Amino acid sequence: MTATDTTSAVKVILWTHARSRSTAFELAIASDENIQVFHEEYSLAYFMGEERLCNEKFTTIGPSLPRYRYVDVKERFEQPYPGKTAVFAKEEAACLGGRRNYGYIPEGFTNTYLVRNPRAAVVSCYKSIRSFETKADDKTLVELTKDMLNLTPVYELFKYLTDERHQRPILIDSEDLANAPDETIKKYCNATGVTFNDSFINWKPEKYEHFHERFQKNMKFIKAFHGDALRSSSFQPSSDRDANVSELPVELQQWIEACMPLYEEMIIHKL
């Protein structure tokens, strides 16, 4: 496949949840300039589009963005991208808006998934929210963490596409990505048809020009939720299953237990 062969360009969506190392993975893929990369287009529709579906507490996030209805995002994904060998989109499954919006899943894409052990994901999410919402009380911090770190949307989408649409499950465990990136990403490339590039293992930090300007201008959010990923140039070894949850509020420890069965059911399908 050549960079000018638009008819055979590979198109892939990575569906995920918060704090899954998905932004680092996205930046690794974006290191190949022959790949058109999108960062959370459905998140922009969910929080800032004309049809914004987010909770009212988020409506102060700014004026609505033109051309960010769900149908606009779908059409943007489906158009050809001359000169690109692949199109890659990283999306939060929750921001698709549930089953009522499954019709906006773009055609012609291979649907893939990245999930992380809820023990580590919830700890990471709570830490980021505390650094972002510095004036919030404990109850609010817990509610925001549960809102942001919810495996149900990605689980339900996974079940729909694999059980009802009979698509092959192509799923990465975030811990595998951290501890065996070369092997894991090569498996992913083989499964999706994306051409592997050595830069997927070691990339240049602070390269996020493909982020929408609304993301780029919100530096407080960027630092709280993407800072480590944007400064990174490779994946770092980690043991997610050993994450220390003892200092979390009891309600979040219970939330982890509620999320674990969803994670465990999906993870048996990992590459």
# chains A, B, ... in the order shown; residues from 1 in each chain; ligands from 1
>>> residues_around(residues="region 72-77 of chain A", least_positions_apart="6", cutoff="8 Å", atoms="only C-alpha atoms", output="count of residues only")
6
>>> select_by_dssp(residues="region 3-77 of chain A", states="helix (DSSP H, G or I)", output="MDAnalysis selection string")
chainID A and resid 6:8 22:30 41:48 56:61 70:77
>>> write_last_selection(atoms="N, CA and C atoms", output="CSV table (one decimal), in the first residue's frame")
chain,number,residue,atom,x,y,z
A,6,THR,N,-5.6,5.9,-2.1
A,6,THR,CA,-6.7,6.3,-1.2
A,6,THR,C,-7.7,5.2,-1.1
A,7,THR,N,-7.9,4.3,-2.1
A,7,THR,CA,-8.9,3.4,-2.1
A,7,THR,C,-8.7,2.3,-1.1
A,8,SER,N,-7.4,2.0,-0.7
A,8,SER,CA,-7.1,0.9,0.2
A,8,SER,C,-6.7,1.4,1.6
A,22,SER,N,-4.9,5.7,26.5
A,22,SER,CA,-5.3,5.8,25.1
A,22,SER,C,-4.7,7.0,24.5
A,23,THR,N,-4.4,8.1,25.2
A,23,THR,CA,-3.8,9.3,24.6
A,23,THR,C,-2.4,9.0,24.2
A,24,ALA,N,-1.7,8.3,25.1
A,24,ALA,CA,-0.3,7.9,24.7
A,24,ALA,C,-0.3,7.0,23.5
A,25,PHE,N,-1.2,6.1,23.4
A,25,PHE,CA,-1.3,5.2,22.2
A,25,PHE,C,-1.6,6.0,21.0
A,26,GLU,N,-2.5,6.9,21.1
A,26,GLU,CA,-2.9,7.8,20.0
A,26,GLU,C,-1.7,8.6,19.5
A,27,LEU,N,-0.9,9.2,20.5
A,27,LEU,CA,0.3,9.9,20.1
A,27,LEU,C,1.3,9.0,19.4
A,28,ALA,N,1.4,7.8,19.9
A,28,ALA,CA,2.3,6.8,19.2
A,28,ALA,C,1.9,6.7,17.7
A,29,ILE,N,0.6,6.4,17.5
A,29,ILE,CA,0.1,6.3,16.1
A,29,ILE,C,0.3,7.6,15.3
A,30,ALA,N,0.1,8.7,16.0
A,30,ALA,CA,0.2,10.0,15.3
A,30,ALA,C,1.7,10.3,14.9
A,41,GLU,N,-13.3,13.2,18.6
A,41,GLU,CA,-14.3,14.0,17.9
A,41,GLU,C,-15.7,13.9,18.5
A,42,TYR,N,-16.0,12.7,18.9
A,42,TYR,CA,-17.3,12.5,19.6
A,42,TYR,C,-17.4,13.2,20.9
A,43,SER,N,-16.2,13.3,21.6
A,43,SER,CA,-16.2,14.1,22.8
A,43,SER,C,-16.6,15.5,22.6
A,44,LEU,N,-16.1,16.1,21.5
A,44,LEU,CA,-16.4,17.4,21.1
A,44,LEU,C,-17.9,17.6,20.8
A,45,ALA,N,-18.5,16.6,20.2
A,45,ALA,CA,-19.9,16.6,19.9
A,45,ALA,C,-20.7,16.5,21.2
A,46,TYR,N,-20.2,15.6,22.1
A,46,TYR,CA,-20.9,15.4,23.4
A,46,TYR,C,-20.9,16.6,24.3
A,47,PHE,N,-19.8,17.2,24.4
A,47,PHE,CA,-19.6,18.3,25.3
A,47,PHE,C,-19.8,19.7,24.7
A,48,MET,N,-19.6,19.9,23.4
A,48,MET,CA,-19.5,21.2,22.8
A,48,MET,C,-20.3,21.3,21.5
A,56,GLU,N,-25.8,18.9,32.6
A,56,GLU,CA,-25.9,20.3,32.7
A,56,GLU,C,-24.7,21.0,33.4
A,57,LYS,N,-24.0,20.3,34.3
A,57,LYS,CA,-22.9,20.9,35.0
A,57,LYS,C,-21.8,21.2,34.1
A,58,PHE,N,-21.8,20.6,32.9
A,58,PHE,CA,-20.7,20.8,31.9
A,58,PHE,C,-21.0,21.9,30.9
A,59,THR,N,-22.2,22.4,30.9
A,59,THR,CA,-22.6,23.3,29.8
A,59,THR,C,-21.9,24.6,29.8
A,60,THR,N,-21.2,24.9,30.9
A,60,THR,CA,-20.4,26.2,31.0
A,60,THR,C,-19.0,26.0,30.3
A,61,ILE,N,-18.8,24.9,29.6
A,61,ILE,CA,-17.6,24.6,29.0
A,61,ILE,C,-17.2,25.5,27.8
A,70,TYR,N,-23.5,15.0,15.6
A,70,TYR,CA,-23.0,13.6,15.5
A,70,TYR,C,-22.9,13.2,14.0
A,71,VAL,N,-23.8,13.6,13.2
A,71,VAL,CA,-23.8,13.3,11.8
A,71,VAL,C,-22.6,14.0,11.1
A,72,ASP,N,-22.2,15.1,11.6
A,72,ASP,CA,-21.0,15.8,11.0
A,72,ASP,C,-19.7,15.0,11.3
A,73,VAL,N,-19.6,14.5,12.5
A,73,VAL,CA,-18.4,13.7,12.9
A,73,VAL,C,-18.4,12.4,12.0
A,74,LYS,N,-19.5,11.8,11.9
A,74,LYS,CA,-19.6,10.5,11.1
A,74,LYS,C,-19.2,10.8,9.7
A,75,GLU,N,-19.7,11.9,9.1
A,75,GLU,CA,-19.3,12.2,7.7
A,75,GLU,C,-17.9,12.6,7.6
A,76,ARG,N,-17.3,13.3,8.6
A,76,ARG,CA,-15.9,13.6,8.5
A,76,ARG,C,-15.0,12.4,8.5
A,77,PHE,N,-15.4,11.4,9.3
A,77,PHE,CA,-14.6,10.2,9.4
A,77,PHE,C,-14.7,9.4,8.0
>>> residues_around(residues="Gln254 (chain A)", least_positions_apart="5", cutoff="12 Å", atoms="only C-alpha atoms", output="JSON, numbers by chain")
{"A": [118, 119, 122, 142, 146, 245, 246, 248, 249, 259, 260]}
>>> closest_residue(among="A:Ser234, A:Asn34, A:Thr145, A:Asn111", to="Ala178 (chain A)", atoms="only C-alpha atoms")
A:Ser234
>>> select_by_dssp(residues="region 50-266 of chain A", states="strand (DSSP E or B)", output="list in words")
Leu65, Ala86, Val87, Phe88, Ala89, Lys90, Glu91, Glu92, Thr110, Asn111, Thr112, Tyr113, Leu114, Val115, Leu171, Ile172 and Asp173 of chain A
>>> write_last_selection(atoms="C-alpha atoms", output="PDB file, in the first residue's frame")
ATOM      1  CA  LEU A  65     -18.906  24.306  17.991  1.00  0.00           C
ATOM      2  CA  ALA A  86      -4.617   5.031   7.293  1.00  0.00           C
ATOM      3  CA  VAL A  87      -7.192   6.907   9.344  1.00  0.00           C
ATOM      4  CA  PHE A  88      -7.100   6.401  13.120  1.00  0.00           C
ATOM      5  CA  ALA A  89      -9.603   7.839  15.596  1.00  0.00           C
ATOM      6  CA  LYS A  90      -9.370   7.570  19.389  1.00  0.00           C
ATOM      7  CA  GLU A  91     -12.802   7.950  20.966  1.00  0.00           C
ATOM      8  CA  GLU A  92     -14.379   7.759  24.415  1.00  0.00           C
ATOM      9  CA  THR A 110     -12.465  -1.547  12.005  1.00  0.00           C
ATOM     10  CA  ASN A 111     -13.733  -1.134  15.567  1.00  0.00           C
ATOM     11  CA  THR A 112     -11.143  -1.823  18.268  1.00  0.00           C
ATOM     12  CA  TYR A 113     -10.967  -1.404  22.033  1.00  0.00           C
ATOM     13  CA  LEU A 114      -8.541  -0.446  24.788  1.00  0.00           C
ATOM     14  CA  VAL A 115      -9.484  -1.130  28.414  1.00  0.00           C
ATOM     15  CA  LEU A 171      -8.989  -5.509  22.164  1.00  0.00           C
ATOM     16  CA  ILE A 172      -5.863  -4.338  23.974  1.00  0.00           C
ATOM     17  CA  ASP A 173      -5.275  -4.573  27.706  1.00  0.00           C
TER      18      ASP A 173
END
>>> residues_around(residues="Glu143 (chain A)", least_positions_apart="3", cutoff="12 Å", atoms="only C-alpha atoms", output="CSV table (one decimal) with N, CA, C and O atoms, in the first residue's frame")
chain,number,residue,atom,x,y,z
A,57,LYS,N,-24.0,20.3,34.3
A,57,LYS,CA,-22.9,20.9,35.0
A,57,LYS,C,-21.8,21.2,34.1
A,57,LYS,O,-20.8,21.9,34.5
A,122,VAL,N,-9.4,3.9,38.1
A,122,VAL,CA,-10.1,4.7,39.0
A,122,VAL,C,-9.1,5.5,39.9
A,122,VAL,O,-9.3,6.7,40.1
A,125,CYS,N,-7.9,8.3,37.7
A,125,CYS,CA,-8.9,9.3,37.4
A,125,CYS,C,-9.2,10.2,38.6
A,125,CYS,O,-9.3,11.4,38.4
A,126,TYR,N,-9.3,9.6,39.7
A,126,TYR,CA,-9.5,10.4,41.0
A,126,TYR,C,-8.4,11.4,41.2
A,126,TYR,O,-8.6,12.5,41.5
A,129,ILE,N,-8.8,14.3,38.6
A,129,ILE,CA,-9.9,15.1,39.0
A,129,ILE,C,-9.6,16.0,40.2
A,129,ILE,O,-9.9,17.2,40.2
A,130,ARG,N,-8.9,15.5,41.1
A,130,ARG,CA,-8.5,16.3,42.3
A,130,ARG,C,-7.6,17.4,41.9
A,130,ARG,O,-7.6,18.5,42.5
A,133,GLU,N,-10.2,19.9,39.7
A,133,GLU,CA,-11.3,20.5,40.5
A,133,GLU,C,-10.8,20.8,41.9
A,133,GLU,O,-11.2,20.1,42.9
A,136,ALA,N,-13.4,21.5,44.7
A,136,ALA,CA,-14.6,20.6,44.9
A,136,ALA,C,-14.5,19.9,46.2
A,136,ALA,O,-13.4,19.6,46.7
A,137,ASP,N,-15.7,19.6,46.8
A,137,ASP,CA,-15.7,18.8,48.0
A,137,ASP,C,-15.5,17.3,47.7
A,137,ASP,O,-15.6,16.9,46.6
A,138,ASP,N,-15.4,16.5,48.8
A,138,ASP,CA,-15.2,15.1,48.6
A,138,ASP,C,-16.3,14.4,47.8
A,138,ASP,O,-16.0,13.5,47.0
A,139,LYS,N,-17.5,14.8,48.1
A,139,LYS,CA,-18.7,14.1,47.5
A,139,LYS,C,-18.6,14.4,46.0
A,139,LYS,O,-18.9,13.5,45.1
A,140,THR,N,-18.3,15.7,45.6
A,140,THR,CA,-18.3,16.0,44.2
A,140,THR,C,-17.2,15.3,43.5
A,140,THR,O,-17.3,14.8,42.4
A,146,LYS,N,-16.8,8.9,39.2
A,146,LYS,CA,-17.7,7.9,38.7
A,146,LYS,C,-18.3,8.3,37.3
A,146,LYS,O,-18.5,7.4,36.5
A,147,ASP,N,-18.5,9.6,37.1
A,147,ASP,CA,-19.1,10.0,35.8
A,147,ASP,C,-18.0,9.8,34.7
A,147,ASP,O,-18.3,9.3,33.6
A,148,MET,N,-16.8,10.1,35.0
A,148,MET,CA,-15.7,10.1,34.0
A,148,MET,C,-15.2,8.6,33.8
A,148,MET,O,-14.9,8.2,32.7
A,149,LEU,N,-15.1,7.9,34.9
A,149,LEU,CA,-14.5,6.5,34.8
A,149,LEU,C,-15.7,5.5,34.9
A,149,LEU,O,-16.0,5.1,36.0
A,150,ASN,N,-16.3,5.2,33.8
A,150,ASN,CA,-17.4,4.3,33.8
A,150,ASN,C,-17.2,3.3,32.6
A,150,ASN,O,-17.1,3.7,31.4
A,249,PRO,N,-11.8,7.0,48.6
A,249,PRO,CA,-13.0,6.9,49.4
A,249,PRO,C,-13.7,5.6,49.2
A,249,PRO,O,-13.6,4.9,48.1
A,251,GLU,N,-16.7,4.7,48.6
A,251,GLU,CA,-17.6,4.6,47.5
A,251,GLU,C,-16.9,4.3,46.2
A,251,GLU,O,-17.4,3.6,45.3
A,252,LEU,N,-15.7,4.8,46.0
A,252,LEU,CA,-14.9,4.5,44.8
A,252,LEU,C,-14.3,3.1,44.9
A,252,LEU,O,-14.2,2.5,43.8
A,255,TRP,N,-17.0,1.2,43.7
A,255,TRP,CA,-17.2,1.4,42.2
A,255,TRP,C,-16.3,0.5,41.4
A,255,TRP,O,-16.7,0.0,40.4
>>> closest_atom_pairs(of="region 125-199 of chain A", to="region 13-16 of chain A", cutoff="12 Å", atoms="only C-alpha atoms", output="Markdown table")
| residue | atom | partner | partner_atom | distance |
| --- | --- | --- | --- | --- |
| A:Met148 | CA | A:Thr16 | CA | 11.7 |
| A:Leu149 | CA | A:Thr16 | CA | 10.4 |
| A:Asn150 | CA | A:Thr16 | CA | 10.2 |
| A:Leu151 | CA | A:Thr16 | CA | 8.6 |
| A:Thr152 | CA | A:Thr16 | CA | 10.7 |
| A:Pro153 | CA | A:Thr16 | CA | 8.9 |
| A:Val154 | CA | A:Thr16 | CA | 6.1 |
| A:Tyr155 | CA | A:Thr16 | CA | 9.3 |
| A:Glu156 | CA | A:Trp15 | CA | 11.3 |
| A:Leu157 | CA | A:Trp15 | CA | 8.6 |
| A:Phe158 | CA | A:Trp15 | CA | 8.6 |
| A:Leu161 | CA | A:Trp15 | CA | 11.3 |
| A:Pro169 | CA | A:Trp15 | CA | 11.5 |
| A:Ile170 | CA | A:Leu14 | CA | 9.4 |
| A:Leu171 | CA | A:Leu14 | CA | 9.0 |
| A:Ile172 | CA | A:Leu14 | CA | 9.7 |
| A:Asp173 | CA | A:Thr16 | CA | 10.7 |
| A:Ser174 | CA | A:Thr16 | CA | 10.2 |
| A:Tyr188 | CA | A:Leu14 | CA | 10.7 |
| A:Thr192 | CA | A:Ile13 | CA | 9.9 |
| A:Val194 | CA | A:Ile13 | CA | 11.5 |
>>> closest_residue(among="A:Ser124, A:Thr162, A:Asn190, A:Ser238", to="His269 (chain A)", atoms="only C-alpha atoms")
A:Thr162
>>> closest_residue(among="A:Leu53, A:Ala18, A:Ala229, A:Ile35", to="Thr195 (chain A)", atoms="only C-alpha atoms")
A:Ile35
>>> closest_residue(among="A:Leu141, A:Ile267, A:Val250, A:Ala94", to="Glu175 (chain A)", atoms="only C-alpha atoms")
A:Ile267
>>> atom_distance(atom1="CA of Gly193 (chain A)", atom2="CA of Tyr160 (chain A)")
22.6 Å
>>> decode(residues="region 120-131 of chain A", atoms="N, CA, C and O atoms", output="PDB file, in the first residue's frame")
ATOM      1  N   ALA A 120      -6.513   0.450  38.667  1.00  0.00           N
ATOM      2  CA  ALA A 120      -5.569   1.495  38.269  1.00  0.00           C
ATOM      3  C   ALA A 120      -6.280   2.674  37.619  1.00  0.00           C
ATOM      4  O   ALA A 120      -5.898   3.827  37.830  1.00  0.00           O
ATOM      5  N   ALA A 121      -7.303   2.401  36.820  1.00  0.00           N
ATOM      6  CA  ALA A 121      -7.988   3.474  36.098  1.00  0.00           C
ATOM      7  C   ALA A 121      -8.702   4.427  37.049  1.00  0.00           C
ATOM      8  O   ALA A 121      -8.645   5.649  36.877  1.00  0.00           O
ATOM      9  N   VAL A 122      -9.369   3.889  38.066  1.00  0.00           N
ATOM     10  CA  VAL A 122     -10.089   4.744  39.017  1.00  0.00           C
ATOM     11  C   VAL A 122      -9.105   5.550  39.862  1.00  0.00           C
ATOM     12  O   VAL A 122      -9.306   6.745  40.103  1.00  0.00           O
ATOM     13  N   VAL A 123      -8.021   4.921  40.310  1.00  0.00           N
ATOM     14  CA  VAL A 123      -6.998   5.653  41.079  1.00  0.00           C
ATOM     15  C   VAL A 123      -6.463   6.818  40.252  1.00  0.00           C
ATOM     16  O   VAL A 123      -6.334   7.952  40.737  1.00  0.00           O
ATOM     17  N   SER A 124      -6.141   6.551  38.993  1.00  0.00           N
ATOM     18  CA  SER A 124      -5.607   7.588  38.116  1.00  0.00           C
ATOM     19  C   SER A 124      -6.632   8.690  37.865  1.00  0.00           C
ATOM     20  O   SER A 124      -6.299   9.882  37.876  1.00  0.00           O
ATOM     21  N   CYS A 125      -7.882   8.293  37.659  1.00  0.00           N
ATOM     22  CA  CYS A 125      -8.932   9.272  37.376  1.00  0.00           C
ATOM     23  C   CYS A 125      -9.179  10.184  38.584  1.00  0.00           C
ATOM     24  O   CYS A 125      -9.284  11.405  38.445  1.00  0.00           O
ATOM     25  N   TYR A 126      -9.260   9.595  39.748  1.00  0.00           N
ATOM     26  CA  TYR A 126      -9.491  10.371  40.973  1.00  0.00           C
ATOM     27  C   TYR A 126      -8.361  11.378  41.195  1.00  0.00           C
ATOM     28  O   TYR A 126      -8.597  12.546  41.533  1.00  0.00           O
ATOM     29  N   LYS A 127      -7.136  10.944  40.954  1.00  0.00           N
ATOM     30  CA  LYS A 127      -5.986  11.830  41.109  1.00  0.00           C
ATOM     31  C   LYS A 127      -6.062  13.005  40.144  1.00  0.00           C
ATOM     32  O   LYS A 127      -5.819  14.163  40.526  1.00  0.00           O
ATOM     33  N   SER A 128      -6.417  12.733  38.886  1.00  0.00           N
ATOM     34  CA  SER A 128      -6.508  13.805  37.889  1.00  0.00           C
ATOM     35  C   SER A 128      -7.625  14.784  38.204  1.00  0.00           C
ATOM     36  O   SER A 128      -7.452  16.006  38.072  1.00  0.00           O
ATOM     37  N   ILE A 129      -8.756  14.273  38.636  1.00  0.00           N
ATOM     38  CA  ILE A 129      -9.888  15.146  38.953  1.00  0.00           C
ATOM     39  C   ILE A 129      -9.568  16.021  40.162  1.00  0.00           C
ATOM     40  O   ILE A 129      -9.920  17.202  40.194  1.00  0.00           O
ATOM     41  N   ARG A 130      -8.878  15.470  41.147  1.00  0.00           N
ATOM     42  CA  ARG A 130      -8.488  16.283  42.309  1.00  0.00           C
ATOM     43  C   ARG A 130      -7.559  17.419  41.902  1.00  0.00           C
ATOM     44  O   ARG A 130      -7.636  18.528  42.459  1.00  0.00           O
ATOM     45  N   SER A 131      -6.706  17.187  40.911  1.00  0.00           N
ATOM     46  CA  SER A 131      -5.791  18.246  40.472  1.00  0.00           C
ATOM     47  C   SER A 131      -6.496  19.276  39.599  1.00  0.00           C
ATOM     48  O   SER A 131      -6.044  20.423  39.499  1.00  0.00           O
TER      49      SER A 131
END
